[in-house]
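Trainee: Have a look at the structure that comes next, please.
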Amino acid sequence: MRLKLTAILLLLVIMPLRAYEPVEHENILKVKYGFVSQLDPYLSPLSYNGQQIGIGNEWWQSFRKDSAHWAHVGRFDINGLRSYNTAYSNMIYGLGIYAGWGAYYKWSFLDGRLAVHLGPYLEANFMAREIGSNVNKPYSFDFGIDVMAMTGISWSFYGKKTSYRLRYLLRTNLIGVDYMPDYWESYYEITESVRGDARCSGPWNHNIIRHEITLDFQFPHSTWRLGAEHIFLNYRTKEMQFDQHQINIIVGCLWKYKIRPNAKL
Amino acid sequence: MKHLIYILAVVLLVTSCKSKNEVEYSTDPVDNVEALWQIIDTKYCYVEQKGIDWNAIHDTYIAKAKTIGSDPLALFDLCAQMLDTLHDGHVNLYSSFDRSYNTAWYDSYPANFDAELQKLYLKDYRIAGGLYYCTIKNDSIGYIYYSSFSNAFSGANLYWIFTAFKNCRGIIIDVRNNGGGDLTNAYKLASPFFKENKIVGYWHHKDGPGHNDFSELEPLYSDTSLIAHKWYRPVIVLSNRRSYSATNFFINMMRYAGNHVAIVGGTSGGGGGMPMSYEMPCGWTVRFSSVRMYDADKKDIEQGIEPHVKVTMTSTTQDDIIEKAVDLINNAYK
């Protein structure tokens, strides 16, 4: 019995060690600044346009050192926005939080310089909005958890004294759950007892399209990222359609290091 | 590369569609009168109850809008006139240069409040949160004046007030000329006087564009847990026509607190429709009643609440309503 236990314990110790071989972890810390255009009919029938600023972090990592194809990615973004109606008579403030994780399969071509990836991505997104000079200061929010499809293409190349990586990424929702305030309910009813429509969501009533193009380059000894992203959000009910466009410039700093991944992965 | 262009084209096509709710910015008088009429027609909760021929109003004011030119002041006045036909204190139009308001709901009623006469009673007062308080009639009665339910107060404030009134026979809560404010403050102020949670009213909201499209009635309960300190000795609530909105609902609630509470003074102002706001194409904001509130007997409280003891102020040397409240408290001990 003691021998069996020792063997099991040894196995438990040795097996993870194999999986714990260090893999390359790529982390990007970034700031975003851009323009936002939104329509929240619960607050106003007018569209509001303005600026937003945000910070975010994303990481890319293979599941295992010997896995050239399967990898995973995680993101966390937070952004604040301030927008005005065309008459400049009112403002909407917003605070958004987005977090997600996805796994993808990577196909490499041209000695690895060209890569295409595809996989599922799980995202939670939340944005609260408050309309500024409304007499009763109503506010609204939307919330969604979505299973998304994620795809991308990247091309690495060498230029003068440095190397570059150009990458285009696209994510769009497939199915999930979301929440919107009920068009007819008062802010009192919503805030007192959090009412609204929580429902199954998908492309038929809820669209999220996030796509970005980025260029990573070295300067002088660090790796930097410049890019642009466009985010489109749309929630629809029988009574109400909420739209939001964001176009952002991204500046980030990228670094790579070796970490030991979770054995279970 | 060609595929990438196709993808981008599809994305732009999908994302550039105009929303069904979106209203284009416009300063055109006809567009704005039409939009304002639509907002009230679909969202205002008393069109049917007030017996207004809202379609006739449309025709009248669209015709006027065609004649006023591009002057924003003229457009504002026209929109304000149209809203005035609702005779509702919760209906306002807000622009960067003016705010419209309606006074018809209290104009033809006795004032039943005189700030100068009140000073004969509200002397050497203290202020706890938004509540002014002192004792009157040789410290035998506590007097609280609350001028707005927008002014916050806490349980600690009420603790000190009740401590100051510990030897008093009763309390007078004066909410005359209190135009309302935050409904949660109404629940808080009523809380110490309830022995148990009770249904104090109902509400329902518009749930469609039709004049009679409303959700199911939902009960509203008093909440004894909001304030820990309790007061079950006599309480008199003073009301007048300008006790409006959240104040109106507070008066309604207090009617259900028990036999130790009475409402004295004039009929309250009403304002039983909880307001919401929306915007017109030119960016002005319109506020209007959107949620109908009822008492515990499902009777609409938009037109105000009758007091238990009706008193109209006639004296120029004393506040007749406060004096009546003092009598009622003293009589409760006989």
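So you can find residues: chains in the structure tokens are A, B, ... in the order shown, residues in each start at 1, and ligands are numbered from 1 in order.
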Output the contact residues of chain A with respect to chain B at a cut-off of 6 Å, based on only C-alpha atoms, as a PyMOL selection string.
Mentor: chain A and resi 44-46+87+89+184
Trainee: What lies within 8 Å of Phe153 in chain B using only C-alpha atoms, ignoring chain neighbours under 2 positions off, as an mmCIF file with N, CA and C atoms, in the first residue's frame?
Mentor:
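Result went into around.cif, see below:
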```
data_model
loop_
_atom_site.group_PDB
_atom_site.id
_atom_site.type_symbol
_atom_site.label_atom_id
_atom_site.label_comp_id
_atom_site.auth_asym_id
_atom_site.auth_seq_id
_atom_site.Cartn_x
_atom_site.Cartn_y
_atom_site.Cartn_z
ATOM 1 N N ALA B 128 -31.132 69.506 11.488
ATOM 2 C CA ALA B 128 -30.552 68.155 11.420
ATOM 3 C C ALA B 128 -30.754 67.640 10.000
ATOM 4 N N GLY B 129 -29.675 67.593 9.220
ATOM 5 C CA GLY B 129 -29.818 67.256 7.803
ATOM 6 C C GLY B 129 -30.701 68.290 7.146
ATOM 7 N N GLY B 130 -31.715 67.862 6.443
ATOM 8 C CA GLY B 130 -32.628 68.811 5.804
ATOM 9 C C GLY B 130 -33.807 69.193 6.672
ATOM 10 N N LEU B 131 -33.792 68.779 7.949
ATOM 11 C CA LEU B 131 -34.946 68.999 8.828
ATOM 12 C C LEU B 131 -34.680 70.130 9.822
ATOM 13 N N ASN B 151 -33.626 67.422 0.135
ATOM 14 C CA ASN B 151 -32.631 67.593 1.192
ATOM 15 C C ASN B 151 -32.521 66.304 2.015
ATOM 16 N N GLY B 155 -30.693 58.599 9.785
ATOM 17 C CA GLY B 155 -31.265 58.053 11.012
ATOM 18 C C GLY B 155 -30.711 58.771 12.228
ATOM 19 N N ASN B 157 -29.892 61.898 12.368
ATOM 20 C CA ASN B 157 -30.612 63.175 12.465
ATOM 21 C C ASN B 157 -31.930 62.977 13.219
ATOM 22 N N LEU B 158 -32.654 61.922 12.847
ATOM 23 C CA LEU B 158 -33.947 61.683 13.499
ATOM 24 C C LEU B 158 -33.758 61.269 14.966
ATOM 25 N N ASN B 185 -36.426 59.629 0.372
ATOM 26 C CA ASN B 185 -36.503 60.414 1.609
ATOM 27 C C ASN B 185 -37.916 60.379 2.190
#
```
Trainee: Which residues, written as number ranges by chain, have at least one atom at most 12 Å from Asp111 in chain A, with only C-alpha atoms counted and residues fewer than 4 positions away on the same chain left out?
Mentor: A: 107, 115, 155-157
Trainee: Contacts of Asn173 in chain A at 6 Å or less, counting only C-alpha atoms, minus same-chain residues fewer than 4 places along, as a PyMOL selection string?
Mentor: chain A and resi 147-148+208
Trainee: Generate a file of the selected residues that holds C-alpha atoms, formatted as an mmCIF file, in the first residue's frame.
Mentor:
```cif
data_model
loop_
_atom_site.group_PDB
_atom_site.id
_atom_site.type_symbol
_atom_site.label_atom_id
_atom_site.label_comp_id
_atom_site.auth_asym_id
_atom_site.auth_seq_id
_atom_site.Cartn_x
_atom_site.Cartn_y
_atom_site.Cartn_z
ATOM 1 C CA VAL A 147 -19.310 33.525 -26.742
ATOM 2 C CA MET A 148 -17.552 35.054 -29.714
ATOM 3 C CA ILE A 208 -20.621 43.100 -31.226
#
```
Trainee: Looking only at strand (DSSP E or B) from DSSP on the backbone, list the matching residues of range 160-232 of chain B as a PyMOL selection string.
Mentor: chain B and resi 170-174+181+199-206+214+218-221
Trainee: For range 50-66 of chain A, list every protein, DNA or RNA residue within 8 Å, evaluated using only C-alpha atoms, and leave out those in the same chain fewer than 4 positions away; present the list as a PyMOL selection string.
Mentor: chain A and resi 19+21-37+70-84+261+265
Trainee: Quick one: write out the picked residues with N, CA and C atoms as a CSV table (one decimal), in the first residue's frame?
Mentor:
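Final output, out_1.csv:
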```csv
chain,number,residue,atom,x,y,z
A,19,ALA,N,4.4,19.4,-17.8
A,19,ALA,CA,3.6,20.5,-18.3
A,19,ALA,C,4.1,21.9,-17.9
A,21,GLU,N,6.8,23.1,-18.2
A,21,GLU,CA,8.0,23.7,-18.9
A,21,GLU,C,7.6,25.1,-19.3
A,22,PRO,N,8.5,26.0,-19.2
A,22,PRO,CA,8.2,27.4,-19.4
A,22,PRO,C,7.8,27.7,-20.9
A,23,VAL,N,6.8,28.5,-21.1
A,23,VAL,CA,6.4,28.9,-22.4
A,23,VAL,C,6.5,30.4,-22.5
A,24,GLU,N,6.5,30.9,-23.8
A,24,GLU,CA,6.7,32.3,-24.0
A,24,GLU,C,5.3,33.0,-23.7
A,25,HIS,N,5.4,34.1,-23.0
A,25,HIS,CA,4.2,34.8,-22.6
A,25,HIS,C,4.4,36.2,-23.2
A,26,GLU,N,3.4,36.7,-24.0
A,26,GLU,CA,3.6,38.0,-24.6
A,26,GLU,C,2.5,38.9,-23.9
A,27,ASN,N,3.0,40.0,-23.3
A,27,ASN,CA,2.0,40.9,-22.6
A,27,ASN,C,2.1,42.3,-23.3
A,28,ILE,N,0.9,42.9,-23.4
A,28,ILE,CA,0.8,44.2,-24.0
A,28,ILE,C,0.0,45.1,-23.1
A,29,LEU,N,0.7,46.1,-22.6
A,29,LEU,CA,0.0,47.1,-21.8
A,29,LEU,C,-0.3,48.3,-22.7
A,30,LYS,N,-1.5,48.8,-22.8
A,30,LYS,CA,-1.8,49.8,-23.8
A,30,LYS,C,-2.7,50.9,-23.3
A,31,VAL,N,-2.7,52.1,-23.9
A,31,VAL,CA,-3.6,53.1,-23.6
A,31,VAL,C,-4.3,53.4,-24.9
A,32,LYS,N,-5.6,53.9,-24.8
A,32,LYS,CA,-6.4,54.1,-26.0
A,32,LYS,C,-7.0,55.5,-25.9
A,33,TYR,N,-7.1,56.1,-27.0
A,33,TYR,CA,-7.8,57.4,-27.1
A,33,TYR,C,-8.6,57.5,-28.4
A,34,GLY,N,-9.8,57.9,-28.3
A,34,GLY,CA,-10.5,58.0,-29.6
A,34,GLY,C,-11.9,58.6,-29.5
A,35,PHE,N,-12.7,58.3,-30.5
A,35,PHE,CA,-14.0,59.0,-30.6
A,35,PHE,C,-15.1,57.9,-30.4
A,36,VAL,N,-16.2,58.4,-29.9
A,36,VAL,CA,-17.3,57.5,-29.6
A,36,VAL,C,-18.5,58.2,-30.1
A,37,SER,N,-19.4,57.4,-30.7
A,37,SER,CA,-20.7,57.9,-31.2
A,37,SER,C,-21.7,56.9,-30.6
A,70,TRP,N,-1.8,25.5,-30.7
A,70,TRP,CA,-2.9,25.9,-29.8
A,70,TRP,C,-2.3,26.9,-28.8
A,71,ALA,N,-3.0,28.0,-28.7
A,71,ALA,CA,-2.6,29.1,-27.7
A,71,ALA,C,-3.9,29.7,-27.2
A,72,HIS,N,-3.6,30.6,-26.3
A,72,HIS,CA,-4.8,31.4,-25.7
A,72,HIS,C,-4.4,32.8,-25.5
A,73,VAL,N,-5.5,33.6,-25.3
A,73,VAL,CA,-5.3,35.1,-25.2
A,73,VAL,C,-6.3,35.6,-24.2
A,74,GLY,N,-5.9,36.6,-23.5
A,74,GLY,CA,-6.8,37.2,-22.5
A,74,GLY,C,-6.7,38.7,-22.6
A,75,ARG,N,-7.8,39.4,-22.3
A,75,ARG,CA,-7.8,40.9,-22.4
A,75,ARG,C,-8.6,41.5,-21.2
A,76,PHE,N,-8.2,42.6,-20.9
A,76,PHE,CA,-9.0,43.4,-19.9
A,76,PHE,C,-8.9,44.9,-20.3
A,77,ASP,N,-10.0,45.5,-20.5
A,77,ASP,CA,-10.0,47.0,-20.9
A,77,ASP,C,-11.0,47.7,-20.0
A,78,ILE,N,-10.6,48.9,-19.7
A,78,ILE,CA,-11.5,49.8,-19.0
A,78,ILE,C,-11.4,51.2,-19.7
A,79,ASN,N,-12.6,51.8,-20.0
A,79,ASN,CA,-12.6,53.1,-20.6
A,79,ASN,C,-13.7,54.0,-20.1
A,80,GLY,N,-13.4,55.3,-20.2
A,80,GLY,CA,-14.4,56.3,-19.8
A,80,GLY,C,-14.7,57.2,-21.0
A,81,LEU,N,-15.9,57.6,-21.1
A,81,LEU,CA,-16.2,58.5,-22.2
A,81,LEU,C,-17.1,59.6,-21.8
A,82,ARG,N,-17.0,60.7,-22.6
A,82,ARG,CA,-17.8,61.8,-22.4
A,82,ARG,C,-18.3,62.3,-23.8
A,83,SER,N,-19.6,62.4,-23.9
A,83,SER,CA,-20.2,62.7,-25.3
A,83,SER,C,-21.3,63.7,-25.2
A,84,TYR,N,-21.5,64.4,-26.2
A,84,TYR,CA,-22.4,65.5,-26.3
A,84,TYR,C,-23.4,65.3,-27.4
A,261,PRO,N,3.1,27.6,-17.5
A,261,PRO,CA,1.6,27.7,-17.5
A,261,PRO,C,1.0,26.7,-16.5
A,265,LEU,N,-3.9,23.2,-18.0
A,265,LEU,CA,-4.2,23.7,-19.4
A,265,LEU,C,-3.5,22.9,-20.4
```
Trainee: To one decimal place, how far is CA of Trp54 in chain B from CA of Asp213 in chain B in Å?
Mentor: 16.0 Å
Trainee: What's around Ile62 in chain B at 7 Å? Count only C-alpha atoms, leave out sequence neighbours fewer than 3 positions away in its own chain, and write the answer as a CSV table (one decimal) with C-alpha atoms, in the first residue's frame.
Mentor:
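That gives us selection.csv:
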```csv
chain,number,residue,atom,x,y,z
B,30,VAL,CA,-42.6,71.8,-37.1
B,33,VAL,CA,-43.5,70.4,-32.1
B,34,GLU,CA,-44.2,67.1,-33.8
B,58,HIS,CA,-51.5,68.4,-32.4
B,59,ASP,CA,-53.4,70.1,-35.2
B,65,ALA,CA,-45.4,76.1,-35.6
B,66,LYS,CA,-45.7,76.7,-39.4
```
